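Undergrad: Here it is: the structure, laid out below.
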Amino acid sequence: MLFLLCAILIVLCTIVYQDFKYRAVYWICFPLLAVLFGVYRIIANGLPGLLTNILFTGCFLLLQLLILWLYFVIKYRKPVNLTNGYLGWGDILFLLAVCFYLSPVNYIVFYVVSLIVSIIYALVTRLIIKKEELTIPLAGIQAFLFVGILIAGMLMHLNLYEDPGAFYNLLSP
């Protein structure tokens, strides 16, 4: 398990470095991260729990992307491509990869907190750099936060992939 956790941390740190330095991440990092998260979860609490959590966190992510798309459709009064200047594929793929690790409740908390941290980063950066157009390394910020979550979880023995007593746990045996 320690080897697997180290591999996850290496991939996350690679995402942080690439996104902050180049504002782009090699695509292979995201499926690799999803596989590592999935293997870790299967070892930790089995395949049924992993599949149930992926179903709920994936639906939440799709709902968020749909709401964001609808917002831009209403704002510009025409269909828009979210990955064309609004949200990078790396950001979407990172959020999808995280579905393989976090429980639905922890995923929503991570999602909200990481977006708040990203907004604070953007505001501070805009004050310092004074650029008209500013790109935000969302996947890098989220990966950085996830490194902290994994380290804190390991040190404090937190269970981030299970929500005891949640209604959706009744779906998995």
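Order determines the names: the first chain of the structure tokens is A, the second B, and so forth; residues in each chain are numbered 1 upward, and ligands are numbered 1 upward as they are shown.
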Any idea what's packed within 12 Å of A:Met1, counting only C-alpha atoms, ignoring anything in its chain fewer than 2 positions away? Could you give it as an MDAnalysis selection string?

TA: chainID A and resid 3:8 36:37 39:44 154

Undergrad: Can you spit out the residues from that selection as an mmCIF file, in the first residue's frame, using C-alpha atoms?

TA:
data_model
loop_
_atom_site.group_PDB
_atom_site.id
_atom_site.type_symbol
_atom_site.label_atom_id
_atom_site.label_comp_id
_atom_site.auth_asym_id
_atom_site.auth_seq_id
_atom_site.Cartn_x
_atom_site.Cartn_y
_atom_site.Cartn_z
ATOM 1 C CA PHE A 3 4.322 1.830 -2.710
ATOM 2 C CA LEU A 4 0.923 2.585 -4.252
ATOM 3 C CA LEU A 5 0.531 5.730 -2.158
ATOM 4 C CA CYS A 6 4.016 6.906 -3.188
ATOM 5 C CA ALA A 7 3.146 6.333 -6.859
ATOM 6 C CA ILE A 8 -0.052 8.373 -6.418
ATOM 7 C CA LEU A 36 -3.762 4.023 -9.135
ATOM 8 C CA PHE A 37 -6.709 5.449 -7.186
ATOM 9 C CA VAL A 39 -6.393 -0.117 -7.287
ATOM 10 C CA TYR A 40 -5.879 1.587 -3.939
ATOM 11 C CA ARG A 41 -9.628 1.706 -3.331
ATOM 12 C CA ILE A 42 -10.180 -1.917 -4.354
ATOM 13 C CA ILE A 43 -7.480 -3.028 -1.915
ATOM 14 C CA ALA A 44 -8.867 -0.751 0.818
ATOM 15 C CA MET A 154 -2.219 8.933 6.098
#

Undergrad: Using only C-alpha atoms, determine which residues lie at most 10 Å from A:Ile15, disregarding the query and same-chain residues fewer than 6 positions distant; provide the list as a PyMOL selection string.

TA: chain A and resi 9+21+23-27+29-30+33+90+94+137+139-144

Undergrad: Those residues with N, CA and C atoms, as a tab-separated table (two decimals), in the first residue's frame please?

TA:
chain	number	residue	atom	x	y	z
A	9	LEU	N	1.32	9.91	-5.12
A	9	LEU	CA	1.91	11.21	-4.78
A	9	LEU	C	2.84	11.70	-5.89
A	21	LYS	N	3.85	25.17	-14.29
A	21	LYS	CA	4.95	25.60	-15.16
A	21	LYS	C	4.50	25.83	-16.59
A	23	ARG	N	1.07	25.22	-17.84
A	23	ARG	CA	-0.40	25.34	-17.99
A	23	ARG	C	-0.95	24.23	-18.88
A	24	ALA	N	-0.28	23.11	-18.85
A	24	ALA	CA	-0.69	21.92	-19.59
A	24	ALA	C	-0.09	20.70	-18.88
A	25	VAL	N	-0.82	19.59	-18.94
A	25	VAL	CA	-0.37	18.36	-18.29
A	25	VAL	C	-0.45	17.24	-19.31
A	26	TYR	N	0.56	16.38	-19.33
A	26	TYR	CA	0.50	15.22	-20.22
A	26	TYR	C	-0.75	14.41	-19.89
A	27	TRP	N	-1.50	14.06	-20.91
A	27	TRP	CA	-2.80	13.39	-20.73
A	27	TRP	C	-2.66	12.06	-20.01
A	29	CYS	N	-1.13	11.25	-17.47
A	29	CYS	CA	-1.15	11.37	-16.00
A	29	CYS	C	-2.53	11.08	-15.42
A	30	PHE	N	-3.59	11.47	-16.14
A	30	PHE	CA	-4.94	11.34	-15.59
A	30	PHE	C	-5.46	9.90	-15.57
A	33	LEU	N	-3.45	8.14	-12.90
A	33	LEU	CA	-3.93	8.50	-11.57
A	33	LEU	C	-5.23	7.77	-11.24
A	90	GLY	N	-7.67	18.87	-18.95
A	90	GLY	CA	-6.94	18.37	-17.80
A	90	GLY	C	-7.72	18.57	-16.50
A	94	PHE	N	-8.90	15.47	-14.32
A	94	PHE	CA	-8.46	15.36	-12.94
A	94	PHE	C	-9.65	15.11	-12.02
A	137	PRO	N	-4.32	27.48	-13.08
A	137	PRO	CA	-3.94	26.05	-13.13
A	137	PRO	C	-4.82	25.23	-12.20
A	139	ALA	N	-6.27	22.19	-12.30
A	139	ALA	CA	-5.85	20.81	-11.99
A	139	ALA	C	-4.61	20.82	-11.09
A	140	GLY	N	-3.70	21.75	-11.31
A	140	GLY	CA	-2.50	21.85	-10.47
A	140	GLY	C	-2.84	22.23	-9.04
A	141	ILE	N	-3.73	23.18	-8.88
A	141	ILE	CA	-4.16	23.59	-7.53
A	141	ILE	C	-4.87	22.43	-6.84
A	142	GLN	N	-5.76	21.77	-7.57
A	142	GLN	CA	-6.49	20.66	-6.97
A	142	GLN	C	-5.56	19.50	-6.64
A	143	ALA	N	-4.59	19.23	-7.50
A	143	ALA	CA	-3.63	18.16	-7.23
A	143	ALA	C	-2.77	18.51	-6.01
A	144	PHE	N	-2.39	19.78	-5.88
A	144	PHE	CA	-1.62	20.22	-4.71
A	144	PHE	C	-2.42	20.01	-3.43

Undergrad: I want to know what sits within 12 Å of A:Gln64, based on only C-alpha atoms, with residues of the same chain fewer than 4 positions away left out; could you give that as a PyMOL selection string?

TA: chain A and resi 57-60+68-71+82+92+95-96+108+111-112

Undergrad: If you run DSSP on this backbone, which residues of chain A come out as alpha helix (DSSP H), and could you give them as number ranges by chain?

TA: A: 2-22, 29-45, 47-76, 89-98, 104-129, 138-156

Undergrad: Would you pick out the contacts of A:Thr135 at 12 Å or less, using only C-alpha atoms, so that residues sharing its chain but fewer than 3 positions from it are not included, and give the list as a ChimeraX atom specification?

TA: /A:19-24,85-88,118-119,121-123,125-126,129,131-132,138-140

Undergrad: Write out as a list in words which residues come within 8 Å of A:Tyr107 when counting only C-alpha atoms, dropping same-chain ones fewer than 5 positions away.

TA: Thr57, Val98, Cys99 and Leu102 of chain A

Undergrad: Check the smallest atom-to-atom distance from each of A:Ile116, A:Leu150, A:Leu158, A:Val105 to A:Asn53 using only C-alpha atoms, then report the winner.

TA: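 Among A:Ile116, A:Leu150, A:Leu158, A:Val105, it is A:Val105 that comes nearest to A:Asn53.
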